[in-house]
file work31.cif (mmCIF, C-alpha atoms)
data_target
#
loop_
_atom_site.label_atom_id
_atom_site.label_comp_id
_atom_site.auth_asym_id
_atom_site.auth_seq_id
_atom_site.Cartn_x
_atom_site.Cartn_y
_atom_site.Cartn_z
CA MET A 277 -10.99 -31.97 -6.13
CA GLU A 278 -10.18 -28.42 -7.21
CA GLN A 279 -8.40 -27.39 -10.39
CA LEU A 280 -5.42 -25.11 -9.89
CA ASN A 281 -5.40 -21.81 -11.79
CA LYS A 282 -3.60 -18.49 -11.93
CA GLU A 283 -6.07 -16.78 -9.60
CA PHE A 284 -5.44 -19.35 -6.88
CA VAL A 285 -1.67 -19.02 -7.23
CA PHE A 286 -1.38 -15.25 -7.13
CA SER A 287 -3.91 -14.94 -4.34
CA HIS A 288 -1.44 -16.93 -2.22
CA ILE A 289 1.77 -15.19 -3.35
CA PRO A 290 1.64 -11.55 -2.17
CA PRO A 291 3.71 -8.71 -3.64
CA ARG A 292 6.95 -8.16 -1.76
CA ALA A 293 6.69 -5.45 0.87
CA ALA A 294 8.67 -2.25 0.32
CA GLU A 295 9.98 -2.44 3.90
CA SER A 296 11.55 -5.88 3.71
CA HIS A 297 14.99 -7.51 3.61
CA LYS A 298 16.50 -10.91 2.83
CA GLY A 299 15.49 -12.26 6.21
CA SER A 300 11.87 -11.46 5.42
CA TYR A 301 11.84 -14.28 2.86
CA GLY A 302 13.23 -17.12 4.86
CA ARG A 303 16.40 -19.11 5.35
CA LEU A 304 16.46 -22.25 3.20
CA LEU A 305 18.95 -25.07 3.69
CA VAL A 306 19.31 -27.28 0.60
CA VAL A 307 21.00 -30.60 1.34
CA ALA A 308 21.56 -32.06 -2.10
CA GLY A 309 23.97 -33.40 -4.69
CA SER A 310 26.78 -35.91 -4.90
CA ARG A 311 29.84 -36.56 -7.04
CA ARG A 312 27.66 -38.48 -9.49
CA TYR A 313 24.69 -36.08 -9.52
CA ARG A 314 26.23 -32.63 -9.39
CA GLY A 315 23.63 -30.76 -11.42
CA ALA A 316 20.62 -31.65 -9.26
CA ALA A 317 21.77 -29.48 -6.37
CA GLY A 318 22.33 -26.43 -8.57
CA LEU A 319 18.94 -26.80 -10.26
CA ALA A 320 17.17 -27.08 -6.90
CA ALA A 321 19.03 -24.12 -5.41
CA GLU A 322 18.32 -21.94 -8.44
CA GLY A 323 14.67 -22.97 -8.41
CA ALA A 324 14.49 -21.75 -4.80
CA LEU A 325 16.27 -18.48 -5.53
CA ARG A 326 14.12 -17.76 -8.59
CA SER A 327 11.00 -18.38 -6.48
CA GLY A 328 11.87 -15.63 -4.03
CA ALA A 329 13.71 -17.28 -1.13
CA GLY A 330 15.72 -14.74 0.85
CA ILE A 331 18.77 -16.77 1.86
CA VAL A 332 19.61 -20.12 0.26
CA THR A 333 22.46 -22.24 1.63
CA LEU A 334 23.55 -25.28 -0.35
CA ALA A 335 25.15 -28.02 1.72
CA SER A 336 27.01 -30.61 -0.34
CA VAL A 337 30.32 -32.23 -1.20
CA GLU A 338 33.14 -30.18 -2.70
CA PRO A 339 32.61 -31.11 -6.41
CA VAL A 340 29.01 -29.89 -6.14
CA ILE A 341 29.98 -26.79 -4.17
CA GLY A 342 32.55 -25.86 -6.82
CA ALA A 343 30.02 -26.17 -9.63
CA ALA A 344 27.40 -24.18 -7.73
CA ALA A 345 29.83 -21.40 -6.80
CA SER A 346 30.49 -20.58 -10.45
CA ARG A 347 26.86 -20.78 -11.48
CA LEU A 348 25.02 -19.26 -8.50
CA PRO A 349 26.97 -16.46 -6.80
CA GLU A 350 23.84 -15.62 -4.77
CA CYS A 351 23.90 -19.01 -3.02
CA CYS A 352 25.62 -19.50 0.34
CA LEU A 353 27.71 -22.67 0.51
CA LEU A 354 28.30 -25.24 3.23
CA PRO A 355 30.99 -27.80 2.24
CA CYS A 356 30.37 -31.26 3.71
CA PRO A 357 32.57 -34.34 4.12
CA GLU A 358 32.33 -36.83 1.29
CA GLY A 359 31.40 -40.47 1.87
CA GLU A 360 32.83 -43.51 0.12
CA GLU A 361 30.04 -43.46 -2.48
CA GLY A 362 30.51 -39.80 -3.40
CA GLY A 363 27.66 -38.26 -1.44
CA ILE A 364 27.49 -36.36 1.84
CA ALA A 365 28.96 -38.53 4.58
CA ALA A 366 26.95 -39.35 7.68
CA ALA A 367 29.89 -37.86 9.59
CA GLY A 368 28.58 -34.46 8.52
CA LEU A 369 25.24 -34.96 10.26
CA GLU A 370 26.07 -32.94 13.37
CA MET A 371 27.19 -29.97 11.27
CA LEU A 372 24.02 -30.17 9.17
CA GLN A 373 21.84 -30.43 12.27
CA ALA A 374 23.34 -27.18 13.54
CA ALA A 375 22.64 -25.51 10.19
CA ALA A 376 19.08 -26.86 10.12
CA ALA A 377 18.42 -25.40 13.56
CA HIS A 378 18.88 -21.91 12.05
CA ALA A 379 16.83 -22.56 8.87
CA THR A 380 13.14 -21.97 8.32
CA VAL A 381 12.92 -24.52 5.48
CA LEU A 382 14.91 -27.67 4.69
CA LEU A 383 15.04 -29.25 1.24
CA LEU A 384 16.54 -32.72 1.51
CA GLY A 385 17.21 -35.20 -1.25
CA PRO A 386 17.89 -34.02 -4.82
CA GLY A 387 20.89 -35.87 -6.23
CA LEU A 388 22.07 -37.25 -2.88
CA GLY A 389 22.26 -40.84 -4.13
CA TYR A 390 20.59 -43.79 -2.42
CA THR A 391 23.30 -44.71 0.06
CA GLY A 392 23.68 -45.59 3.71
CA ASP A 393 24.91 -42.06 4.31
CA THR A 394 21.72 -40.63 2.78
CA ARG A 395 19.58 -42.88 4.94
CA ALA A 396 21.42 -41.62 8.04
CA LEU A 397 20.87 -37.99 7.01
CA VAL A 398 17.16 -38.51 6.38
CA GLN A 399 16.74 -40.28 9.70
CA GLY A 400 18.63 -37.66 11.70
CA LEU A 401 18.15 -34.28 10.06
CA PRO A 402 14.41 -33.39 9.72
CA ALA A 403 13.82 -33.72 13.46
CA GLN A 404 16.06 -30.68 14.01
CA MET A 405 13.71 -28.47 11.98
CA ARG A 406 11.15 -26.06 13.35
CA GLY A 407 9.66 -25.17 10.01
CA THR A 408 8.94 -26.83 6.69
CA VAL A 409 10.78 -29.90 5.42
CA VAL A 410 10.62 -30.82 1.72
CA LEU A 411 11.66 -34.43 0.99
CA ASP A 412 12.49 -35.20 -2.63
CA ALA A 413 14.20 -37.88 -4.74
CA ASP A 414 16.63 -40.00 -2.70
CA GLY A 415 15.29 -38.37 0.44
CA LEU A 416 12.02 -40.14 -0.37
CA ASN A 417 13.75 -43.43 -1.12
CA ALA A 418 15.50 -43.26 2.24
CA ALA A 419 12.18 -42.50 3.95
CA ALA A 420 10.63 -45.49 2.17
CA ASP A 421 13.38 -47.66 3.61
CA LEU A 422 12.55 -46.40 7.10
CA LEU A 423 8.87 -47.21 6.59
CA ALA A 424 9.66 -50.67 5.23
CA ARG A 425 11.63 -51.37 8.41
CA GLY A 426 8.64 -50.42 10.57
CA GLY A 427 9.72 -46.86 11.28
CA ALA A 428 7.90 -43.57 10.80
CA MET A 429 8.15 -40.77 8.29
CA PRO A 430 10.95 -38.32 9.23
CA LEU A 431 8.88 -35.38 10.45
CA PRO A 432 10.12 -31.97 11.63
CA ALA A 433 10.11 -31.27 15.35
CA SER A 434 7.45 -28.67 14.62
CA GLY A 435 6.20 -27.41 11.30
CA SER A 436 5.19 -29.23 8.13
CA LEU A 437 6.40 -31.96 5.81
CA ILE A 438 6.04 -31.89 2.01
CA VAL A 439 6.85 -35.00 -0.03
CA THR A 440 7.23 -34.88 -3.82
CA PRO A 441 7.13 -38.46 -5.18
CA HIS A 442 6.76 -39.63 -8.74
CA PRO A 443 4.67 -42.84 -9.06
CA GLY A 444 7.66 -45.15 -8.54
CA GLU A 445 8.67 -43.34 -5.35
CA MET A 446 5.05 -43.39 -4.18
CA ALA A 447 5.00 -47.14 -4.70
CA ARG A 448 8.07 -47.49 -2.50
CA LEU A 449 6.64 -45.19 0.19
CA THR A 450 3.30 -47.02 0.37
CA GLY A 451 4.37 -50.55 -0.50
CA LEU A 452 1.62 -50.62 -3.14
CA PRO A 453 2.17 -51.86 -6.69
CA ALA A 454 2.43 -49.15 -9.34
CA GLU A 455 -0.82 -50.36 -10.94
CA ARG A 456 -2.77 -49.68 -7.72
CA ILE A 457 -1.36 -46.18 -7.55
CA ALA A 458 -2.19 -45.47 -11.19
CA ALA A 459 -5.75 -46.70 -10.67
CA ASP A 460 -6.42 -44.45 -7.65
CA ARG A 461 -4.00 -41.55 -7.61
CA PRO A 462 -6.33 -39.18 -5.67
CA GLY A 463 -7.11 -41.80 -3.04
CA VAL A 464 -3.49 -42.89 -2.57
CA ALA A 465 -2.23 -39.32 -2.23
CA SER A 466 -5.00 -38.28 0.14
CA ARG A 467 -4.66 -41.31 2.40
CA PHE A 468 -0.90 -40.91 2.69
CA ALA A 469 -1.28 -37.20 3.46
CA ALA A 470 -3.81 -37.94 6.20
CA GLN A 471 -1.81 -40.84 7.65
CA TRP A 472 1.41 -38.87 8.11
CA GLY A 473 0.06 -35.33 8.42
CA CYS A 474 2.01 -34.19 5.38
CA THR A 475 1.39 -32.53 2.02
CA VAL A 476 1.80 -34.92 -0.92
CA VAL A 477 2.79 -33.83 -4.42
CA LEU A 478 2.09 -36.91 -6.55
CA LYS A 479 3.81 -36.03 -9.81
CA GLY A 480 2.82 -37.02 -13.33
CA HIS A 481 0.37 -35.90 -15.99
CA ARG A 482 -2.05 -33.71 -14.02
CA THR A 483 0.03 -33.68 -10.83
CA LEU A 484 -2.02 -33.96 -7.63
CA ILE A 485 -1.45 -32.04 -4.39
CA ALA A 486 -3.06 -33.56 -1.29
CA ALA A 487 -3.15 -31.65 2.01
CA PRO A 488 -3.40 -33.46 5.36
CA ASP A 489 -6.77 -31.82 6.06
CA GLY A 490 -8.36 -33.48 3.03
CA ARG A 491 -8.03 -30.71 0.44
CA LEU A 492 -7.01 -31.97 -2.98
CA TRP A 493 -5.91 -30.04 -6.06
CA GLN A 494 -5.19 -31.14 -9.61
CA ASN A 495 -2.73 -29.24 -11.74
CA THR A 496 -3.64 -28.17 -15.26
CA THR A 497 -0.28 -26.86 -16.54
CA GLY A 498 2.83 -28.53 -17.91
CA ASN A 499 3.73 -30.62 -20.95
CA PRO A 500 5.85 -33.64 -21.98
CA GLY A 501 8.89 -31.41 -22.42
CA LEU A 502 9.30 -31.76 -18.64
CA ALA A 503 9.86 -35.50 -19.03
CA ARG A 504 13.61 -35.45 -18.50
CA GLY A 505 16.09 -35.51 -15.65
CA GLY A 506 16.32 -32.28 -13.68
CA SER A 507 12.71 -31.13 -13.94
CA GLY A 508 11.88 -32.50 -10.50
CA ASP A 509 14.93 -30.83 -8.97
CA VAL A 510 13.75 -27.44 -10.21
CA LEU A 511 10.24 -28.13 -8.88
CA ALA A 512 11.48 -29.18 -5.45
CA GLY A 513 13.53 -25.99 -5.22
CA MET A 514 10.57 -23.86 -6.26
CA ILE A 515 8.29 -25.41 -3.64
CA ALA A 516 10.94 -24.97 -0.94
CA GLY A 517 11.56 -21.38 -2.06
CA LEU A 518 7.87 -20.48 -1.82
CA ALA A 519 7.70 -22.07 1.62
CA ALA A 520 10.68 -19.94 2.65
CA CYS A 521 8.73 -16.87 1.53
CA GLY A 522 6.05 -17.73 4.08
CA LEU A 523 3.49 -19.82 2.20
CA ASP A 524 2.11 -22.71 4.23
CA ALA A 525 2.97 -26.20 3.03
CA PRO A 526 -0.15 -26.95 0.92
CA ALA A 527 -0.05 -23.50 -0.73
CA ALA A 528 3.70 -23.69 -1.41
CA ALA A 529 3.27 -27.11 -3.01
CA ALA A 530 0.21 -26.17 -5.10
CA CYS A 531 1.62 -22.83 -6.26
CA GLY A 532 5.00 -24.35 -7.03
CA VAL A 533 3.48 -27.09 -9.15
CA TRP A 534 1.27 -24.71 -11.14
CA LEU A 535 4.07 -22.19 -11.73
CA HIS A 536 6.51 -24.94 -12.74
CA GLY A 537 4.08 -26.22 -15.36
CA ALA A 538 2.99 -22.78 -16.57
CA ALA A 539 6.60 -21.68 -17.04
CA ALA A 540 7.32 -24.94 -18.87
CA ASP A 541 4.42 -24.29 -21.23
CA ARG A 542 5.99 -20.97 -22.16
CA THR A 543 9.37 -22.61 -22.59
CA ALA A 544 7.89 -25.23 -24.91
CA ALA A 545 6.37 -22.46 -27.02
CA ARG A 546 9.84 -20.88 -27.35
CA LEU A 547 12.08 -23.92 -27.71
CA GLY A 548 9.84 -26.90 -28.40
CA GLN A 549 9.17 -29.87 -26.14
CA TYR A 550 12.16 -31.75 -27.53
CA GLY A 551 14.57 -28.81 -27.32
CA MET A 552 13.70 -27.36 -23.91
CA LEU A 553 15.77 -28.16 -20.81
CA PRO A 554 14.74 -27.90 -17.15
CA HIS A 555 16.91 -24.85 -16.44
CA ASP A 556 15.30 -23.03 -19.38
CA ILE A 557 11.98 -22.74 -17.55
CA LEU A 558 13.43 -20.45 -14.88
CA ALA A 559 13.59 -17.52 -17.30
CA ASP A 560 9.93 -18.03 -18.14
CA LEU A 561 9.12 -18.29 -14.44
CA GLY A 562 10.49 -14.78 -14.03
CA GLY A 563 8.19 -13.57 -16.79
CA LEU A 564 5.16 -15.00 -15.00
CA PHE A 565 6.10 -13.21 -11.79
CA ALA A 566 6.74 -9.93 -13.59
CA GLU A 567 3.42 -9.97 -15.47
CA ASN A 568 1.54 -10.49 -12.22
CA GLY A 569 3.31 -7.80 -10.19
CA ARG A 570 5.44 -10.21 -8.24
#
call {"tool": "encode", "arguments": {"input": "work31.cif", "output": "structure tokens"}}
result
Amino acid sequence: MEQLNKEFVFSHIPPRAAESHKGSYGRLLVVAGSRRYRGAAGLAAEGALRSGAGIVTLASVEPVIGAAASRLPECCLLPCPEGEEGGIAAAGLEMLQAAAAHATVLLLGPGLGYTGDTRALVQGLPAQMRGTVVLDADGLNAAADLLARGGAMPLPASGSLIVTPHPGEMARLTGLPAERIAADRPGVASRFAAQWGCTVVLKGHRTLIAAPDGRLWQNTTGNPGLARGGSGDVLAGMIAGLAACGLDAPAAAACGVWLHGAAADRTAARLGQYGMLPHDILADLGGLFAENGR
């Protein structure tokens, strides 16, 4: 198991080419948010934009779209029909499939809510992708439901899958008790990555990143100030944004995790672990990029 460090990260994130344009850094579709969880979508979209993604489109219900429009003028918006439980209705699946067909990366899950509509989206949307799919939050819970019913992980038609579970979500995905996961985090992450051919980001103190080819990294950055709602949404957006910039799935996941924690360490030094909020780390993320010529 390797320890992540700054040298690893910036060897995988190249400087932006002088002769480049927004299309050079990918088209990311973020399917996120619901009437109840409006902030998650904005945090994920901003995490992607601040990590370099060229074009970010947020697909969500109108209350989320309205909030994002005022906060993120750089974000493209795709209004979706609202279901009875306040999330994106399954009736919007065909429209989202068409959008996914033109994206290079799909981020699916932050703030969607664990509903029948979400389960339908997770079952029907990743297969339209020819690129990287990042499953997070309720996207993972919906995938766990598919597995529990004897189905398979929702994989892209071609490309790579990244999953970003915390220990509770990993327990649901694997069917293992939380104590088993805590006792063998490297083994659980590596076996799941190999079984489904995906990259696993098993979050927690010293987050682990397991690649399907057996590579395993442990993160060394981050602090307890991240232990609050919204931190995972920012991380998922950052990983998806780096994938949009062209990093392969294991590199996008590993670099995103290290940068997320390193920026949070700077934020804690400024604001304290109690006072910092997830959106605060994005300013410190910019400082890390600037200091390293990115």
call {"tool": "closest_residue", "arguments": {"input": "work31.cif", "among": "A:Asp509, A:Asp414, A:Asp556, A:Asp460", "to": "A:Gly385", "atoms": "only C-alpha atoms"}}
result
A:Asp414
call {"tool": "atom_distance", "arguments": {"input": "work31.cif", "atom1": "atom CA of A:Gly490", "atom2": "atom CA of A:Pro441"}}
result
18.2 Å
call {"tool": "resolve_selection", "arguments": {"input": "work31.cif", "expression": "the PyMOL selection byres ((chain A and resi 446) around 12)", "output": "mmCIF file with C-alpha atoms, in the frame of the given file"}}
result
data_model
loop_
_atom_site.group_PDB
_atom_site.id
_atom_site.type_symbol
_atom_site.label_atom_id
_atom_site.label_comp_id
_atom_site.auth_asym_id
_atom_site.auth_seq_id
_atom_site.Cartn_x
_atom_site.Cartn_y
_atom_site.Cartn_z
ATOM 1 C CA ASP A 412 12.490 -35.200 -2.630
ATOM 2 C CA ALA A 413 14.200 -37.880 -4.740
ATOM 3 C CA LEU A 416 12.020 -40.140 -0.370
ATOM 4 C CA ASN A 417 13.750 -43.430 -1.120
ATOM 5 C CA ALA A 419 12.180 -42.500 3.950
ATOM 6 C CA ALA A 420 10.630 -45.490 2.170
ATOM 7 C CA VAL A 439 6.850 -35.000 -0.030
ATOM 8 C CA THR A 440 7.230 -34.880 -3.820
ATOM 9 C CA PRO A 441 7.130 -38.460 -5.180
ATOM 10 C CA HIS A 442 6.760 -39.630 -8.740
ATOM 11 C CA PRO A 443 4.670 -42.840 -9.060
ATOM 12 C CA GLY A 444 7.660 -45.150 -8.540
ATOM 13 C CA GLU A 445 8.670 -43.340 -5.350
ATOM 14 C CA ALA A 447 5.000 -47.140 -4.700
ATOM 15 C CA ARG A 448 8.070 -47.490 -2.500
ATOM 16 C CA LEU A 449 6.640 -45.190 0.190
ATOM 17 C CA THR A 450 3.300 -47.020 0.370
ATOM 18 C CA GLY A 451 4.370 -50.550 -0.500
ATOM 19 C CA LEU A 452 1.620 -50.620 -3.140
ATOM 20 C CA PRO A 453 2.170 -51.860 -6.690
ATOM 21 C CA ALA A 454 2.430 -49.150 -9.340
ATOM 22 C CA GLU A 455 -0.820 -50.360 -10.940
ATOM 23 C CA ARG A 456 -2.770 -49.680 -7.720
ATOM 24 C CA ILE A 457 -1.360 -46.180 -7.550
ATOM 25 C CA ALA A 458 -2.190 -45.470 -11.190
ATOM 26 C CA ARG A 461 -4.000 -41.550 -7.610
ATOM 27 C CA VAL A 464 -3.490 -42.890 -2.570
ATOM 28 C CA ALA A 465 -2.230 -39.320 -2.230
ATOM 29 C CA ARG A 467 -4.660 -41.310 2.400
ATOM 30 C CA PHE A 468 -0.900 -40.910 2.690
ATOM 31 C CA ALA A 469 -1.280 -37.200 3.460
ATOM 32 C CA VAL A 476 1.800 -34.920 -0.920
ATOM 33 C CA VAL A 477 2.790 -33.830 -4.420
ATOM 34 C CA LEU A 478 2.090 -36.910 -6.550
ATOM 35 C CA LYS A 479 3.810 -36.030 -9.810
ATOM 36 C CA GLY A 480 2.820 -37.020 -13.330
#
call {"tool": "closest_residue", "arguments": {"input": "work31.cif", "among": "A:Gly508, A:Gly501, A:Pro430, A:Gly389", "to": "A:Gly473", "atoms": "only C-alpha atoms"}}
result
A:Pro430
call {"tool": "residues_around", "arguments": {"input": "work31.cif", "residues": "A:Leu401", "least_positions_apart": "5", "cutoff": "9 Å", "atoms": "only C-alpha atoms", "output": "mmCIF file with C-alpha atoms, keeping the file's coordinate frame"}}
result
data_model
loop_
_atom_site.group_PDB
_atom_site.id
_atom_site.type_symbol
_atom_site.label_atom_id
_atom_site.label_comp_id
_atom_site.auth_asym_id
_atom_site.auth_seq_id
_atom_site.Cartn_x
_atom_site.Cartn_y
_atom_site.Cartn_z
ATOM 1 C CA LEU A 369 25.240 -34.960 10.260
ATOM 2 C CA GLU A 370 26.070 -32.940 13.370
ATOM 3 C CA LEU A 372 24.020 -30.170 9.170
ATOM 4 C CA GLN A 373 21.840 -30.430 12.270
ATOM 5 C CA ALA A 376 19.080 -26.860 10.120
ATOM 6 C CA LEU A 384 16.540 -32.720 1.510
ATOM 7 C CA ALA A 396 21.420 -41.620 8.040
ATOM 8 C CA PRO A 430 10.950 -38.320 9.230
ATOM 9 C CA PRO A 432 10.120 -31.970 11.630
#
call {"tool": "resolve_selection", "arguments": {"input": "work31.cif", "expression": "the PyMOL selection byres ((chain A and resi 308) around 10)", "output": "VMD selection string"}}
result
chain A and resid 305 to 307 309 to 310 313 to 318 320 to 321 334 to 337 340 363 to 364 383 to 389 394 412 to 415 509
call {"tool": "residues_around", "arguments": {"input": "work31.cif", "residues": "A:Ala367", "least_positions_apart": "2", "cutoff": "9 Å", "atoms": "all atoms listed in the file", "output": "PDB file with C-alpha atoms, in the frame of the given file"}}
result
ATOM      1  CA  CYS A 356      30.370 -31.260   3.710  1.00  0.00           C
ATOM      2  CA  PRO A 357      32.570 -34.340   4.120  1.00  0.00           C
ATOM      3  CA  GLU A 358      32.330 -36.830   1.290  1.00  0.00           C
ATOM      4  CA  GLY A 359      31.400 -40.470   1.870  1.00  0.00           C
ATOM      5  CA  ILE A 364      27.490 -36.360   1.840  1.00  0.00           C
ATOM      6  CA  ALA A 365      28.960 -38.530   4.580  1.00  0.00           C
ATOM      7  CA  LEU A 369      25.240 -34.960  10.260  1.00  0.00           C
ATOM      8  CA  GLU A 370      26.070 -32.940  13.370  1.00  0.00           C
ATOM      9  CA  MET A 371      27.190 -29.970  11.270  1.00  0.00           C
ATOM     10  CA  ASP A 393      24.910 -42.060   4.310  1.00  0.00           C
TER      11      ASP A 393
END
call {"tool": "resolve_selection", "arguments": {"input": "work31.cif", "expression": "the PyMOL selection byres ((chain A and resi 434) around 7)", "output": "list of chain:residue names"}}
result
A:Met405, A:Arg406, A:Gly407, A:Pro432, A:Ala433, A:Gly435, A:Ser436
call {"tool": "residues_around", "arguments": {"input": "work31.cif", "residues": "A:Cys351", "least_positions_apart": "5", "cutoff": "9 Å", "atoms": "only C-alpha atoms", "output": "list in words"}}
result
Ala321, Glu322, Leu325, Ile331, Val332, Thr333, Leu334, Ala344 and Ala345 of chain A
call {"tool": "residues_around", "arguments": {"input": "work31.cif", "residues": "A:Ala516", "least_positions_apart": "5", "cutoff": "8 Å", "atoms": "all atoms listed in the file", "output": "PyMOL selection string"}}
result
chain A and resi 304+324+381-383+410+528
call {"tool": "residues_around", "arguments": {"input": "work31.cif", "residues": "A:His297", "least_positions_apart": "6", "cutoff": "12 Å", "atoms": "all atoms listed in the file", "output": "list in words"}}
result
Arg303, Gly328, Ala329, Gly330, Ile331 and Cys521 of chain A
call {"tool": "atom_distance", "arguments": {"input": "work31.cif", "atom1": "atom CA of A:Gly463", "atom2": "atom CA of A:Pro488"}}
result
12.4 Å
call {"tool": "closest_residue", "arguments": {"input": "work31.cif", "among": "A:Gln549, A:Thr408, A:Asn495, A:Thr380", "to": "A:Phe284", "atoms": "only C-alpha atoms"}}
result
A:Asn495
call {"tool": "atom_distance", "arguments": {"input": "work31.cif", "atom1": "atom CA of A:Ala538", "atom2": "atom CA of A:Ala379"}}
result
29.0 Å
call {"tool": "closest_residue", "arguments": {"input": "work31.cif", "among": "A:Ala459, A:Val533, A:Ile438, A:Leu561", "to": "A:Thr483", "atoms": "all atoms listed in the file"}}
result
A:Val533
call {"tool": "closest_residue", "arguments": {"input": "work31.cif", "among": "A:Cys352, A:Ala343, A:Val285, A:Ala544", "to": "A:Arg311", "atoms": "all atoms listed in the file"}}
result
A:Ala343
call {"tool": "decode", "arguments": {"input": "work31.cif", "residues": "stretch 280-343 of chain A", "atoms": "C-alpha atoms", "output": "PDB file, in the first residue's frame"}}
result
ATOM      1  CA  LEU A 280      -0.244   9.518  -1.272  1.00  0.00           C
ATOM      2  CA  ASN A 281       1.843  12.694  -1.411  1.00  0.00           C
ATOM      3  CA  LYS A 282       2.143  15.955  -3.304  1.00  0.00           C
ATOM      4  CA  GLU A 283       4.666  14.554  -5.787  1.00  0.00           C
ATOM      5  CA  PHE A 284       2.271  11.792  -6.813  1.00  0.00           C
ATOM      6  CA  VAL A 285      -0.608  14.246  -7.246  1.00  0.00           C
ATOM      7  CA  PHE A 286       1.133  16.859  -9.355  1.00  0.00           C
ATOM      8  CA  SER A 287       2.877  14.266 -11.479  1.00  0.00           C
ATOM      9  CA  HIS A 288      -0.622  13.200 -12.582  1.00  0.00           C
ATOM     10  CA  ILE A 289      -2.137  16.677 -13.024  1.00  0.00           C
ATOM     11  CA  PRO A 290      -0.319  18.422 -15.893  1.00  0.00           C
ATOM     12  CA  PRO A 291      -0.243  22.193 -16.460  1.00  0.00           C
ATOM     13  CA  ARG A 292      -2.980  23.358 -18.807  1.00  0.00           C
ATOM     14  CA  ALA A 293      -1.816  23.672 -22.397  1.00  0.00           C
ATOM     15  CA  ALA A 294      -1.646  27.163 -23.903  1.00  0.00           C
ATOM     16  CA  GLU A 295      -3.498  25.912 -26.994  1.00  0.00           C
ATOM     17  CA  SER A 296      -6.591  24.572 -25.265  1.00  0.00           C
ATOM     18  CA  HIS A 297     -10.281  25.407 -24.837  1.00  0.00           C
ATOM     19  CA  LYS A 298     -13.186  24.370 -22.628  1.00  0.00           C
ATOM     20  CA  GLY A 299     -13.704  21.191 -24.604  1.00  0.00           C
ATOM     21  CA  SER A 300     -10.140  20.164 -23.823  1.00  0.00           C
ATOM     22  CA  TYR A 301     -11.131  19.578 -20.195  1.00  0.00           C
ATOM     23  CA  GLY A 302     -14.171  17.418 -20.588  1.00  0.00           C
ATOM     24  CA  ARG A 303     -17.935  17.566 -20.420  1.00  0.00           C
ATOM     25  CA  LEU A 304     -19.252  16.618 -16.981  1.00  0.00           C
ATOM     26  CA  LEU A 305     -22.901  15.837 -16.282  1.00  0.00           C
ATOM     27  CA  VAL A 306     -23.789  16.145 -12.583  1.00  0.00           C
ATOM     28  CA  VAL A 307     -27.095  14.477 -11.713  1.00  0.00           C
ATOM     29  CA  ALA A 308     -27.688  15.563  -8.148  1.00  0.00           C
ATOM     30  CA  GLY A 309     -29.903  17.317  -5.630  1.00  0.00           C
ATOM     31  CA  SER A 310     -33.522  17.279  -4.549  1.00  0.00           C
ATOM     32  CA  ARG A 311     -35.996  19.605  -2.875  1.00  0.00           C
ATOM     33  CA  ARG A 312     -34.758  18.399   0.517  1.00  0.00           C
ATOM     34  CA  TYR A 313     -31.029  18.396  -0.280  1.00  0.00           C
ATOM     35  CA  ARG A 314     -30.487  21.460  -2.426  1.00  0.00           C
ATOM     36  CA  GLY A 315     -26.968  22.331  -1.319  1.00  0.00           C
ATOM     37  CA  ALA A 316     -25.361  19.000  -2.215  1.00  0.00           C
ATOM     38  CA  ALA A 317     -25.694  19.587  -5.950  1.00  0.00           C
ATOM     39  CA  GLY A 318     -24.123  23.051  -5.785  1.00  0.00           C
ATOM     40  CA  LEU A 319     -21.206  21.820  -3.674  1.00  0.00           C
ATOM     41  CA  ALA A 320     -20.525  18.954  -6.083  1.00  0.00           C
ATOM     42  CA  ALA A 321     -20.755  21.176  -9.159  1.00  0.00           C
ATOM     43  CA  GLU A 322     -18.452  23.785  -7.655  1.00  0.00           C
ATOM     44  CA  GLY A 323     -15.984  21.099  -6.605  1.00  0.00           C
ATOM     45  CA  ALA A 324     -15.858  19.970 -10.241  1.00  0.00           C
ATOM     46  CA  LEU A 325     -15.463  23.488 -11.615  1.00  0.00           C
ATOM     47  CA  ARG A 326     -12.727  24.359  -9.104  1.00  0.00           C
ATOM     48  CA  SER A 327     -10.879  21.174 -10.085  1.00  0.00           C
ATOM     49  CA  GLY A 328     -10.593  22.225 -13.713  1.00  0.00           C
ATOM     50  CA  ALA A 329     -13.531  20.635 -15.551  1.00  0.00           C
ATOM     51  CA  GLY A 330     -14.204  22.411 -18.838  1.00  0.00           C
ATOM     52  CA  ILE A 331     -17.998  22.201 -19.077  1.00  0.00           C
ATOM     53  CA  VAL A 332     -20.174  21.250 -16.103  1.00  0.00           C
ATOM     54  CA  THR A 333     -23.907  20.680 -16.561  1.00  0.00           C
ATOM     55  CA  LEU A 334     -26.058  20.273 -13.464  1.00  0.00           C
ATOM     56  CA  ALA A 335     -29.225  18.254 -13.999  1.00  0.00           C
ATOM     57  CA  SER A 336     -31.747  18.600 -11.189  1.00  0.00           C
ATOM     58  CA  VAL A 337     -35.185  19.761 -10.105  1.00  0.00           C
ATOM     59  CA  GLU A 338     -36.145  23.421 -10.336  1.00  0.00           C
ATOM     60  CA  PRO A 339     -35.506  24.416  -6.672  1.00  0.00           C
ATOM     61  CA  VAL A 340     -31.936  23.132  -7.004  1.00  0.00           C
ATOM     62  CA  ILE A 341     -31.464  24.711 -10.423  1.00  0.00           C
ATOM     63  CA  GLY A 342     -32.593  28.083  -9.066  1.00  0.00           C
ATOM     64  CA  ALA A 343     -30.143  27.939  -6.172  1.00  0.00           C
TER      65      ALA A 343
END
